[in-house]
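Undergrad: Input file: work-v1.cif. Contents: mmCIF, C-alpha atoms and all ligand atoms.
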```cif
data_start
loop_
_atom_site.group_PDB
_atom_site.id
_atom_site.type_symbol
_atom_site.label_atom_id
_atom_site.label_comp_id
_atom_site.auth_asym_id
_atom_site.auth_seq_id
_atom_site.Cartn_x
_atom_site.Cartn_y
_atom_site.Cartn_z
ATOM 1 C CA MET A 1 -22.816 53.935 -71.735
ATOM 2 C CA ASN A 2 -24.094 53.897 -75.306
ATOM 3 C CA ILE A 3 -22.764 51.341 -77.717
ATOM 4 C CA LEU A 4 -22.857 51.728 -81.476
ATOM 5 C CA THR A 5 -22.949 48.581 -83.574
ATOM 6 C CA PHE A 6 -23.597 47.709 -87.196
ATOM 7 C CA ASP A 7 -24.281 44.279 -88.685
ATOM 8 C CA ILE A 8 -22.514 43.982 -92.034
ATOM 9 C CA GLU A 9 -24.038 41.345 -94.285
ATOM 10 C CA GLU A 10 -25.699 42.980 -97.307
ATOM 11 C CA TRP A 11 -23.033 42.265 -99.932
ATOM 12 C CA TYR A 12 -23.105 38.532 -99.259
ATOM 13 C CA ILE A 13 -26.907 38.327 -98.958
ATOM 14 C CA GLU A 14 -27.169 40.109 -102.317
ATOM 15 C CA LYS A 15 -24.690 37.681 -103.880
ATOM 16 C CA LYS A 16 -26.389 34.613 -102.453
ATOM 17 C CA PHE A 17 -30.037 35.517 -102.984
ATOM 18 C CA SER A 18 -30.258 38.119 -105.726
ATOM 19 C CA GLY A 19 -27.493 37.342 -108.168
ATOM 20 C CA GLY A 20 -24.993 40.019 -107.189
ATOM 21 C CA ARG A 21 -26.290 43.086 -109.007
ATOM 22 C CA SER A 22 -23.480 45.598 -109.310
ATOM 23 C CA GLU A 23 -25.754 48.600 -108.680
ATOM 24 C CA LYS A 24 -26.671 47.044 -105.316
ATOM 25 C CA TYR A 25 -23.030 46.565 -104.366
ATOM 26 C CA GLN A 26 -22.391 50.186 -105.290
ATOM 27 C CA GLU A 27 -25.288 51.311 -103.153
ATOM 28 C CA PHE A 28 -23.966 49.366 -100.140
ATOM 29 C CA ASP A 29 -20.469 50.767 -100.730
ATOM 30 C CA ARG A 30 -21.898 54.270 -100.848
ATOM 31 C CA TYR A 31 -23.793 53.850 -97.577
ATOM 32 C CA LEU A 32 -20.802 52.314 -95.867
ATOM 33 C CA LYS A 33 -18.711 55.285 -96.938
ATOM 34 C CA LEU A 34 -21.321 57.708 -95.582
ATOM 35 C CA ILE A 35 -21.430 55.854 -92.258
ATOM 36 C CA LEU A 36 -17.645 55.862 -91.942
ATOM 37 C CA GLU A 37 -17.513 59.565 -92.773
ATOM 38 C CA LYS A 38 -20.098 60.360 -90.127
ATOM 39 C CA LEU A 39 -18.154 58.370 -87.538
ATOM 40 C CA GLU A 40 -14.955 60.176 -88.463
ATOM 41 C CA GLN A 41 -16.622 63.594 -88.240
ATOM 42 C CA THR A 42 -17.964 62.819 -84.770
ATOM 43 C CA ASN A 43 -14.855 60.990 -83.551
ATOM 44 C CA THR A 44 -16.862 57.879 -82.879
ATOM 45 C CA VAL A 45 -15.505 54.340 -82.832
ATOM 46 C CA ALA A 46 -18.070 51.596 -83.384
ATOM 47 C CA THR A 47 -18.251 47.809 -83.563
ATOM 48 C CA PHE A 48 -19.032 46.263 -86.950
ATOM 49 C CA PHE A 49 -20.292 42.691 -86.721
ATOM 50 C CA CYS A 50 -19.357 41.235 -90.085
ATOM 51 C CA LEU A 51 -20.028 37.948 -91.834
ATOM 52 C CA GLY A 52 -16.978 35.790 -92.433
ATOM 53 C CA LYS A 53 -18.167 35.504 -96.042
ATOM 54 C CA ILE A 54 -17.788 39.250 -96.464
ATOM 55 C CA ALA A 55 -14.106 38.844 -95.575
ATOM 56 C CA THR A 56 -13.789 35.977 -98.057
ATOM 57 C CA ASP A 57 -15.768 37.447 -100.960
ATOM 58 C CA PHE A 58 -15.591 41.204 -100.342
ATOM 59 C CA PRO A 59 -12.374 41.757 -98.337
ATOM 60 C CA GLU A 60 -12.222 45.457 -99.246
ATOM 61 C CA VAL A 61 -15.351 46.060 -97.188
ATOM 62 C CA ILE A 62 -13.724 44.692 -94.035
ATOM 63 C CA LYS A 63 -10.417 46.420 -94.732
ATOM 64 C CA THR A 64 -12.106 49.786 -95.226
ATOM 65 C CA ILE A 65 -13.871 49.504 -91.874
ATOM 66 C CA ALA A 66 -10.841 48.208 -89.965
ATOM 67 C CA GLU A 67 -8.509 50.858 -91.412
ATOM 68 C CA LYS A 68 -10.682 53.530 -89.831
ATOM 69 C CA GLY A 69 -9.970 52.019 -86.421
ATOM 70 C CA HIS A 70 -13.322 50.372 -85.767
ATOM 71 C CA GLU A 71 -13.747 47.067 -84.036
ATOM 72 C CA ILE A 72 -14.471 44.076 -86.279
ATOM 73 C CA GLY A 73 -16.779 41.581 -84.599
ATOM 74 C CA CYS A 74 -18.187 38.333 -85.941
ATOM 75 C CA HIS A 75 -21.761 38.008 -87.243
ATOM 76 C CA SER A 76 -21.402 34.297 -88.179
ATOM 77 C CA ASN A 77 -20.003 33.040 -91.449
ATOM 78 C CA GLU A 78 -23.035 32.864 -93.737
ATOM 79 C CA HIS A 79 -25.838 34.428 -91.737
ATOM 80 C CA LEU A 80 -27.444 31.104 -90.827
ATOM 81 C CA TRP A 81 -29.452 31.285 -87.640
ATOM 82 C CA LEU A 82 -27.952 29.521 -84.679
ATOM 83 C CA THR A 83 -31.308 27.913 -83.913
ATOM 84 C CA LYS A 84 -30.898 25.977 -87.176
ATOM 85 C CA MET A 85 -27.413 24.674 -86.386
ATOM 86 C CA THR A 86 -25.990 21.797 -84.396
ATOM 87 C CA PRO A 87 -23.174 22.568 -81.943
ATOM 88 C CA GLN A 88 -20.696 21.049 -84.393
ATOM 89 C CA GLU A 89 -22.016 23.228 -87.229
ATOM 90 C CA LEU A 90 -21.791 26.352 -85.101
ATOM 91 C CA PHE A 91 -18.258 25.419 -84.109
ATOM 92 C CA GLN A 92 -17.243 25.154 -87.774
ATOM 93 C CA ASP A 93 -19.178 28.257 -88.817
ATOM 94 C CA THR A 94 -17.607 30.398 -86.089
ATOM 95 C CA HIS A 95 -14.170 28.995 -86.733
ATOM 96 C CA ASP A 96 -14.391 29.779 -90.461
ATOM 97 C CA ALA A 97 -15.806 33.246 -89.847
ATOM 98 C CA VAL A 98 -13.318 34.313 -87.192
ATOM 99 C CA SER A 99 -10.294 33.110 -89.182
ATOM 100 C CA ALA A 100 -11.505 34.792 -92.389
ATOM 101 C CA LEU A 101 -12.167 38.062 -90.584
ATOM 102 C CA GLU A 102 -8.902 38.042 -88.644
ATOM 103 C CA ASP A 103 -6.906 37.344 -91.801
ATOM 104 C CA VAL A 104 -8.324 40.412 -93.478
ATOM 105 C CA CYS A 105 -8.671 42.917 -90.632
ATOM 106 C CA GLY A 106 -5.498 42.217 -88.673
ATOM 107 C CA GLN A 107 -7.339 42.400 -85.336
ATOM 108 C CA LYS A 108 -8.215 39.647 -82.930
ATOM 109 C CA VAL A 109 -11.968 39.100 -83.166
ATOM 110 C CA ILE A 110 -13.467 38.793 -79.688
ATOM 111 C CA SER A 111 -17.033 40.104 -80.093
ATOM 112 C CA TYR A 112 -19.968 38.210 -81.564
ATOM 113 C CA ARG A 113 -23.558 38.795 -82.607
ATOM 114 C CA ALA A 114 -25.727 35.934 -83.814
ATOM 115 C CA PRO A 115 -27.824 36.533 -86.946
ATOM 116 C CA ALA A 116 -31.359 37.538 -85.911
ATOM 117 C CA PHE A 117 -30.285 37.421 -82.218
ATOM 118 C CA SER A 118 -30.722 33.668 -82.488
ATOM 119 C CA ILE A 119 -29.496 32.547 -79.071
ATOM 120 C CA GLY A 120 -32.363 31.539 -76.800
ATOM 121 C CA GLU A 121 -33.591 29.004 -74.276
ATOM 122 C CA ASN A 122 -33.198 26.112 -76.714
ATOM 123 C CA ASN A 123 -29.626 26.658 -77.810
ATOM 124 C CA LYS A 124 -27.781 27.983 -74.759
ATOM 125 C CA TRP A 125 -24.956 25.627 -75.691
ATOM 126 C CA ALA A 126 -24.007 28.270 -78.272
ATOM 127 C CA ILE A 127 -22.328 30.215 -75.459
ATOM 128 C CA GLU A 128 -19.903 27.375 -74.830
ATOM 129 C CA VAL A 129 -19.125 26.947 -78.523
ATOM 130 C CA LEU A 130 -18.469 30.660 -78.995
ATOM 131 C CA ALA A 131 -16.160 30.788 -75.971
ATOM 132 C CA GLN A 132 -14.216 27.817 -77.343
ATOM 133 C CA GLU A 133 -13.667 29.812 -80.533
ATOM 134 C CA GLY A 134 -12.121 32.745 -78.650
ATOM 135 C CA ILE A 135 -15.219 34.919 -78.355
ATOM 136 C CA GLU A 136 -15.142 36.945 -75.116
ATOM 137 C CA ILE A 137 -18.049 39.324 -75.610
ATOM 138 C CA ASP A 138 -21.489 38.430 -76.915
ATOM 139 C CA ALA A 139 -24.241 40.784 -78.045
ATOM 140 C CA SER A 140 -26.762 38.222 -79.315
ATOM 141 C CA ILE A 141 -29.410 38.208 -76.629
ATOM 142 C CA PHE A 142 -32.760 39.831 -77.235
ATOM 143 C CA PRO A 143 -34.287 39.479 -73.764
ATOM 144 C CA ALA A 144 -37.933 39.229 -74.836
ATOM 145 C CA LYS A 145 -40.073 37.266 -77.223
ATOM 146 C CA ARG A 146 -39.673 38.237 -80.873
ATOM 147 C CA ASP A 147 -40.610 36.981 -84.330
ATOM 148 C CA PHE A 148 -37.752 34.561 -84.626
ATOM 149 C CA GLY A 149 -36.867 33.444 -81.129
ATOM 150 C CA GLY A 150 -35.622 35.896 -78.551
ATOM 151 C CA PHE A 151 -34.591 34.877 -75.025
ATOM 152 C CA ALA A 152 -37.659 35.870 -73.019
ATOM 153 C CA SER A 153 -36.450 34.425 -69.699
ATOM 154 C CA PHE A 154 -33.152 36.329 -69.783
ATOM 155 C CA PRO A 155 -33.451 38.392 -66.618
ATOM 156 C CA THR A 156 -31.695 41.683 -67.401
ATOM 157 C CA TYR A 157 -31.303 44.384 -70.028
ATOM 158 C CA SER A 158 -27.856 45.362 -68.704
ATOM 159 C CA PRO A 159 -24.332 44.079 -69.362
ATOM 160 C CA SER A 160 -23.748 40.978 -67.286
ATOM 161 C CA THR A 161 -21.670 37.829 -67.110
ATOM 162 C CA ILE A 162 -23.322 34.685 -68.422
ATOM 163 C CA SER A 163 -22.396 31.385 -66.889
ATOM 164 C CA TYR A 164 -23.191 28.247 -68.847
ATOM 165 C CA ASN A 165 -21.717 24.843 -68.088
ATOM 166 C CA GLY A 166 -18.878 26.492 -66.161
ATOM 167 C CA ILE A 167 -18.058 28.812 -69.093
ATOM 168 C CA LEU A 168 -18.232 32.571 -68.555
ATOM 169 C CA LEU A 169 -18.974 35.070 -71.311
ATOM 170 C CA LYS A 170 -19.535 38.822 -71.157
ATOM 171 C CA GLU A 171 -23.018 39.622 -72.422
ATOM 172 C CA PHE A 172 -24.373 42.920 -73.756
ATOM 173 C CA PRO A 173 -28.079 42.295 -74.357
ATOM 174 C CA ILE A 174 -30.322 44.473 -76.474
ATOM 175 C CA CYS A 175 -31.947 47.151 -74.331
ATOM 176 C CA LEU A 176 -35.734 47.232 -74.315
ATOM 177 C CA THR A 177 -38.466 49.554 -73.189
ATOM 178 C CA ASN A 178 -41.933 48.759 -71.907
ATOM 179 C CA LEU A 179 -44.570 50.297 -74.143
ATOM 180 C CA PHE A 180 -48.197 49.393 -74.709
ATOM 181 C CA GLY A 181 -47.659 46.573 -72.178
ATOM 182 C CA LYS A 182 -44.984 45.034 -74.374
ATOM 183 C CA GLU A 183 -41.216 44.861 -74.149
ATOM 184 C CA LEU A 184 -39.937 46.503 -77.311
ATOM 185 C CA ALA A 185 -36.550 47.393 -78.721
ATOM 186 C CA TYR A 186 -36.088 50.993 -79.859
ATOM 187 C CA SER A 187 -32.417 51.343 -80.683
ATOM 188 C CA GLY A 188 -32.024 49.472 -83.927
ATOM 189 C CA GLY A 189 -33.564 47.724 -86.920
ATOM 190 C CA GLY A 190 -37.198 48.417 -87.774
ATOM 191 C CA TYR A 191 -37.906 49.629 -84.226
ATOM 192 C CA PHE A 192 -35.478 52.508 -84.649
ATOM 193 C CA ARG A 193 -37.228 53.501 -87.865
ATOM 194 C CA PHE A 194 -40.650 53.161 -86.289
ATOM 195 C CA PHE A 195 -40.192 55.357 -83.197
ATOM 196 C CA PRO A 196 -39.928 59.138 -83.524
ATOM 197 C CA TYR A 197 -36.433 60.562 -83.276
ATOM 198 C CA TRP A 198 -37.063 62.482 -80.032
ATOM 199 C CA PHE A 199 -38.265 59.305 -78.331
ATOM 200 C CA VAL A 200 -35.165 57.291 -79.217
ATOM 201 C CA LYS A 201 -32.813 60.118 -78.347
ATOM 202 C CA ASN A 202 -34.430 60.767 -74.940
ATOM 203 C CA LYS A 203 -34.474 57.102 -74.142
ATOM 204 C CA ILE A 204 -30.788 56.715 -74.984
ATOM 205 C CA ASN A 205 -29.757 59.843 -73.107
ATOM 206 C CA LYS A 206 -31.647 58.812 -69.986
ATOM 207 C CA SER A 207 -30.522 55.184 -69.925
ATOM 208 C CA LYS A 208 -27.399 53.995 -68.154
ATOM 209 C CA TYR A 209 -26.900 51.529 -70.971
ATOM 210 C CA ALA A 210 -28.036 51.500 -74.573
ATOM 211 C CA MET A 211 -27.113 49.034 -77.284
ATOM 212 C CA THR A 212 -27.812 50.093 -80.859
ATOM 213 C CA TYR A 213 -27.833 47.820 -83.909
ATOM 214 C CA PHE A 214 -27.998 49.119 -87.445
ATOM 215 C CA HIS A 215 -27.820 47.442 -90.839
ATOM 216 C CA ILE A 216 -27.171 49.152 -94.124
ATOM 217 C CA GLY A 217 -30.418 47.478 -95.211
ATOM 218 C CA ASP A 218 -32.271 49.444 -92.484
ATOM 219 C CA LEU A 219 -31.154 52.662 -94.079
ATOM 220 C CA LEU A 220 -31.955 51.972 -97.722
ATOM 221 C CA HIS A 221 -35.061 53.455 -99.191
ATOM 222 C CA ASN A 222 -37.086 51.716 -101.937
ATOM 223 C CA LYS A 223 -35.847 48.233 -101.245
ATOM 224 C CA GLY A 224 -37.950 46.570 -103.872
ATOM 225 C CA GLY A 225 -41.167 44.591 -103.781
ATOM 226 C CA VAL A 226 -42.493 41.646 -101.835
ATOM 227 C CA MET A 227 -40.095 38.660 -101.781
ATOM 228 C CA SER A 228 -40.937 35.656 -103.932
ATOM 229 C CA ARG A 229 -42.108 32.582 -102.053
ATOM 230 C CA ALA A 230 -38.957 30.629 -102.949
ATOM 231 C CA LYS A 231 -36.589 33.380 -101.843
ATOM 232 C CA TYR A 232 -38.529 33.956 -98.626
ATOM 233 C CA GLU A 233 -38.469 30.271 -97.719
ATOM 234 C CA GLU A 234 -34.805 29.916 -98.486
ATOM 235 C CA TYR A 235 -33.922 32.949 -96.396
ATOM 236 C CA PHE A 236 -36.322 32.737 -93.456
ATOM 237 C CA LYS A 237 -36.716 28.944 -93.381
ATOM 238 C CA GLU A 238 -40.451 29.201 -92.741
ATOM 239 C CA PRO A 239 -43.522 28.999 -95.009
ATOM 240 C CA GLY A 240 -43.577 31.841 -97.529
ATOM 241 C CA THR A 241 -47.306 32.428 -97.278
ATOM 242 C CA PHE A 242 -48.597 35.698 -98.677
ATOM 243 C CA LYS A 243 -49.300 36.937 -95.150
ATOM 244 C CA ASN A 244 -45.783 36.142 -93.907
ATOM 245 C CA ARG A 245 -44.236 37.802 -96.938
ATOM 246 C CA MET A 246 -46.411 40.910 -96.554
ATOM 247 C CA ILE A 247 -45.562 41.272 -92.853
ATOM 248 C CA ARG A 248 -41.863 41.057 -93.698
ATOM 249 C CA TYR A 249 -42.291 43.582 -96.507
ATOM 250 C CA VAL A 250 -44.029 46.135 -94.297
ATOM 251 C CA LYS A 251 -41.489 45.665 -91.502
ATOM 252 C CA SER A 252 -38.485 46.028 -93.742
ATOM 253 C CA ASN A 253 -39.821 49.063 -95.595
ATOM 254 C CA LEU A 254 -41.384 50.943 -92.694
ATOM 255 C CA GLY A 255 -39.791 54.346 -92.141
ATOM 256 C CA THR A 256 -36.843 53.814 -94.468
ATOM 257 C CA LYS A 257 -37.258 57.273 -95.922
ATOM 258 C CA GLY A 258 -34.945 59.542 -93.958
ATOM 259 C CA ALA A 259 -33.586 56.646 -91.889
ATOM 260 C CA PHE A 260 -29.970 57.436 -92.709
ATOM 261 C CA ASN A 261 -30.344 61.057 -91.630
ATOM 262 C CA LYS A 262 -32.119 59.972 -88.475
ATOM 263 C CA MET A 263 -29.250 57.650 -87.591
ATOM 264 C CA SER A 264 -26.653 60.318 -88.442
ATOM 265 C CA LYS A 265 -28.362 62.783 -86.160
ATOM 266 C CA LEU A 266 -28.363 60.255 -83.349
ATOM 267 C CA ILE A 267 -24.626 59.729 -83.777
ATOM 268 C CA GLU A 268 -24.160 63.511 -83.583
ATOM 269 C CA ASP A 269 -26.444 64.013 -80.591
ATOM 270 C CA CYS A 270 -25.460 61.096 -78.331
ATOM 271 C CA GLU A 271 -22.055 59.765 -77.369
ATOM 272 C CA PHE A 272 -21.282 56.256 -78.515
ATOM 273 C CA ILE A 273 -18.437 53.804 -78.026
ATOM 274 C CA SER A 274 -17.551 50.390 -79.412
ATOM 275 C CA LEU A 275 -18.286 47.163 -77.614
ATOM 276 C CA ARG A 276 -14.602 46.474 -76.989
ATOM 277 C CA GLU A 277 -14.235 49.902 -75.358
ATOM 278 C CA ALA A 278 -17.418 49.443 -73.322
ATOM 279 C CA SER A 279 -16.156 46.127 -72.045
ATOM 280 C CA LYS A 280 -12.939 47.769 -70.803
ATOM 281 C CA ASN A 281 -14.985 50.335 -68.858
ATOM 282 C CA ILE A 282 -16.943 47.727 -66.916
ATOM 283 C CA ASP A 283 -15.819 46.290 -63.615
ATOM 284 C CA TRP A 284 -16.726 42.728 -64.535
ATOM 285 C CA ASN A 285 -15.960 41.402 -61.067
ATOM 286 C CA ASN A 286 -18.883 43.383 -59.791
ATOM 287 C CA THR A 287 -21.480 42.611 -62.433
ATOM 288 C CA LYS A 288 -24.250 40.115 -61.968
ATOM 289 C CA ILE A 289 -23.474 36.537 -62.924
ATOM 290 C CA ILE A 290 -26.424 34.999 -64.708
ATOM 291 C CA ASN A 291 -26.640 31.226 -64.776
ATOM 292 C CA ILE A 292 -28.437 30.195 -67.910
HETATM 293 ZN ZN ZN B 1 -27.701 40.021 -89.592
#
```
Kindly transcribe the structure held in the file into C-alpha cells.
TA:
Amino acid sequence: MNILTFDIEEWYIEKKFSGGRSEKYQEFDRYLKLILEKLEQTNTVATFFCLGKIATDFPEVIKTIAEKGHEIGCHSNEHLWLTKMTPQELFQDTHDAVSALEDVCGQKVISYRAPAFSIGENNKWAIEVLAQEGIEIDASIFPAKRDFGGFASFPTYSPSTISYNGILLKEFPICLTNLFGKELAYSGGGYFRFFPYWFVKNKINKSKYAMTYFHIGDLLHNKGGVMSRAKYEEYFKEPGTFKNRMIRYVKSNLGTKGAFNKMSKLIEDCEFISLREASKNIDWNNTKIINI
C-alpha cells in the first residue's frame, strides 16, 4: 500500500514571511496545476494536507484540489509546530483550521499532519486534542530522531492504532529505511531529492507500506539565497546562526533540479492511493495497538 500525500502551505508562508510576491503565487499555482494534471493522467487520488489559512486567504487553491476529487486533510492552521503550542492553543488552531477547510472544500476533514511532524514524546497529548476535533487519521509521526523533534521511541513504521489516555487514533507513520547505520526517510522532502530515483522506486515497490510526503517547495528550483537571521528565527524559532542558516539552505536546495520530473515519474511507475482510501483497506481490528 503506497500513499501519496502533499503538504500545501506555500501560499500562506509566502504571504506571512516574504510579502506576498505575485510571481511566487503564480509559480505555486503553476506547480499545483502540473501536479493535478499528473494525478489525473495516472488516475491517482491523493491526500492534500492543507493549512486552514490557505482556505481563508487562498480558497481557490483548496477548491481546485477538492474539485478534482482528492482528499483534503488538515496541516494545522498557520503552520506553527505543535511542540510550541499548549493543548488549548492546539485545540483552537485545529478547530479554526478544520472549520475553514471544511467550509471551502465541502468534505469532512478527518486526516491530519502536524507541521514538521511535530508530535513526539513530549506532546503526546496532541493525539487527544486532535481526536476531540474530529480527526480520525493521523500522519504526523516520524519514528526516529530528526532535526526538529521526531518520535524516536515510536515502535513501528507501519499503520497502527495509537492509544493515548483511552483515546484511539489511526496512525500512518513515515516509513524509514536503515542506511549507514541510521534510520532515514526516503519518500519525501529533501530525502526524496537526495536519493537516486531507482533507490526510491525499488524501496517503494518492495515495501508493504510506503508513505510519501511532498511539498511544492520541494519541487521548486532556484529558491533564492540564504534566509536572513530575522526571517530564520521567526520561522524556525531557533537561533539564526550562520551555520544553522547554511544547513537549512543546503537541505532545502539539494537536488531541486529535476525534482518535479522525478516525482512525476514515481507517480507513473508506482501505484498510489489517498490516506482515506488506505484507511478503508485496513482491517483496524487486527492492527497493533500502540500505547503511547
Ligand atoms: Zn508543512
Undergrad: Distance atom CA of A:Leu169-atom CA of A:Ile8, one decimal place?
TA: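 Going from atom CA of A:Leu169 over to atom CA of A:Ile8, I get 22.8 Å.
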Undergrad: Set the cut-off to 6 Å, count all atoms listed in the file, and list whatever residues fall near ligand ZN 1 (chain B) as number ranges by chain.
TA: A: 7, 115-116
Undergrad: I would like the residues chosen by the PyMOL selection byres (((chain A and resi 188-201) around 10) and not hetatm) on the shown file; could you give them as a PyMOL selection string?
TA: chain A and resi 4-6+174-175+184-187+202-206+211-219+250-260+262-263+265-267+269-270
Undergrad: Identify all residues satisfying the PyMOL selection byres (((chain A and resi 106-111) around 8) and not hetatm) in the given file; provide them as a tab-separated table (two decimals) with C-alpha atoms, in the coordinates of the input.
TA:
```
chain	number	residue	atom	x	y	z
A	49	PHE	CA	-20.29	42.69	-86.72
A	72	ILE	CA	-14.47	44.08	-86.28
A	73	GLY	CA	-16.78	41.58	-84.60
A	74	CYS	CA	-18.19	38.33	-85.94
A	98	VAL	CA	-13.32	34.31	-87.19
A	101	LEU	CA	-12.17	38.06	-90.58
A	102	GLU	CA	-8.90	38.04	-88.64
A	103	ASP	CA	-6.91	37.34	-91.80
A	104	VAL	CA	-8.32	40.41	-93.48
A	105	CYS	CA	-8.67	42.92	-90.63
A	112	TYR	CA	-19.97	38.21	-81.56
A	113	ARG	CA	-23.56	38.80	-82.61
A	134	GLY	CA	-12.12	32.74	-78.65
A	135	ILE	CA	-15.22	34.92	-78.36
A	136	GLU	CA	-15.14	36.94	-75.12
A	137	ILE	CA	-18.05	39.32	-75.61
A	138	ASP	CA	-21.49	38.43	-76.92
A	139	ALA	CA	-24.24	40.78	-78.04
A	275	LEU	CA	-18.29	47.16	-77.61
A	276	ARG	CA	-14.60	46.47	-76.99
```
Undergrad: For the file shown, report as a list in words the outcome of the PyMOL selection byres (((chain A and resi 122) around 12) and not hetatm) at residue level.
TA: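 Those residues are Leu82, Thr83, Lys84, Met85, Thr86, Pro87, Ser118, Ile119, Gly120, Glu121, Asn123, Lys124, Trp125, Ala126, Ile127, Gly149, Gly150, Phe151, Ala152, Ser153 and Ile292 of chain A.
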Undergrad: By how many Å are atom CA of A:His70 and atom CA of A:Ser274 apart?
TA: 7.6 Å
Undergrad: Point out the residue among A:Ala100, A:Leu34, A:Ile3, A:Leu176 with the least atom-to-atom distance to A:Phe48, counting only C-alpha atoms.
TA: A:Ile3
Undergrad: Complete stretch 78-99 of chain A at the level of N, CA and C atoms, written as a tab-separated table (two decimals), in the coordinates of the input.
TA:
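The result, written out as result24.tsv:
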```
chain	number	residue	atom	x	y	z
A	78	GLU	N	-22.14	32.71	-92.59
A	78	GLU	CA	-23.04	32.86	-93.74
A	78	GLU	C	-24.42	33.39	-93.38
A	79	HIS	N	-24.55	33.91	-92.19
A	79	HIS	CA	-25.84	34.43	-91.74
A	79	HIS	C	-26.90	33.33	-91.57
A	80	LEU	N	-26.48	32.15	-91.18
A	80	LEU	CA	-27.44	31.10	-90.83
A	80	LEU	C	-27.79	31.28	-89.36
A	81	TRP	N	-29.05	31.08	-89.02
A	81	TRP	CA	-29.45	31.28	-87.64
A	81	TRP	C	-28.97	30.14	-86.77
A	82	LEU	N	-28.53	30.52	-85.58
A	82	LEU	CA	-27.95	29.52	-84.68
A	82	LEU	C	-28.98	28.48	-84.26
A	83	THR	N	-30.25	28.86	-84.27
A	83	THR	CA	-31.31	27.91	-83.91
A	83	THR	C	-31.43	26.79	-84.95
A	84	LYS	N	-30.83	27.00	-86.12
A	84	LYS	CA	-30.90	25.98	-87.18
A	84	LYS	C	-29.61	25.16	-87.25
A	85	MET	N	-28.71	25.36	-86.30
A	85	MET	CA	-27.41	24.67	-86.39
A	85	MET	C	-27.24	23.68	-85.25
A	86	THR	N	-26.41	22.67	-85.48
A	86	THR	CA	-25.99	21.80	-84.40
A	86	THR	C	-24.75	22.45	-83.77
A	87	PRO	N	-24.38	22.01	-82.55
A	87	PRO	CA	-23.17	22.57	-81.94
A	87	PRO	C	-21.96	22.42	-82.86
A	88	GLN	N	-21.84	21.27	-83.51
A	88	GLN	CA	-20.70	21.05	-84.39
A	88	GLN	C	-20.71	22.03	-85.57
A	89	GLU	N	-21.90	22.27	-86.11
A	89	GLU	CA	-22.02	23.23	-87.23
A	89	GLU	C	-21.67	24.65	-86.78
A	90	LEU	N	-22.12	25.00	-85.59
A	90	LEU	CA	-21.79	26.35	-85.10
A	90	LEU	C	-20.29	26.49	-84.87
A	91	PHE	N	-19.71	25.42	-84.35
A	91	PHE	CA	-18.26	25.42	-84.11
A	91	PHE	C	-17.53	25.71	-85.43
A	92	GLN	N	-17.89	24.99	-86.47
A	92	GLN	CA	-17.24	25.15	-87.77
A	92	GLN	C	-17.51	26.55	-88.36
A	93	ASP	N	-18.77	26.96	-88.27
A	93	ASP	CA	-19.18	28.26	-88.82
A	93	ASP	C	-18.39	29.40	-88.15
A	94	THR	N	-18.30	29.33	-86.82
A	94	THR	CA	-17.61	30.40	-86.09
A	94	THR	C	-16.11	30.36	-86.38
A	95	HIS	N	-15.60	29.15	-86.44
A	95	HIS	CA	-14.17	29.00	-86.73
A	95	HIS	C	-13.83	29.61	-88.10
A	96	ASP	N	-14.63	29.26	-89.10
A	96	ASP	CA	-14.39	29.78	-90.46
A	96	ASP	C	-14.52	31.30	-90.49
A	97	ALA	N	-15.56	31.80	-89.82
A	97	ALA	CA	-15.81	33.25	-89.85
A	97	ALA	C	-14.68	34.01	-89.16
A	98	VAL	N	-14.34	33.57	-87.95
A	98	VAL	CA	-13.32	34.31	-87.19
A	98	VAL	C	-11.99	34.28	-87.94
A	99	SER	N	-11.60	33.11	-88.48
A	99	SER	CA	-10.29	33.11	-89.18
A	99	SER	C	-10.33	33.98	-90.43
```
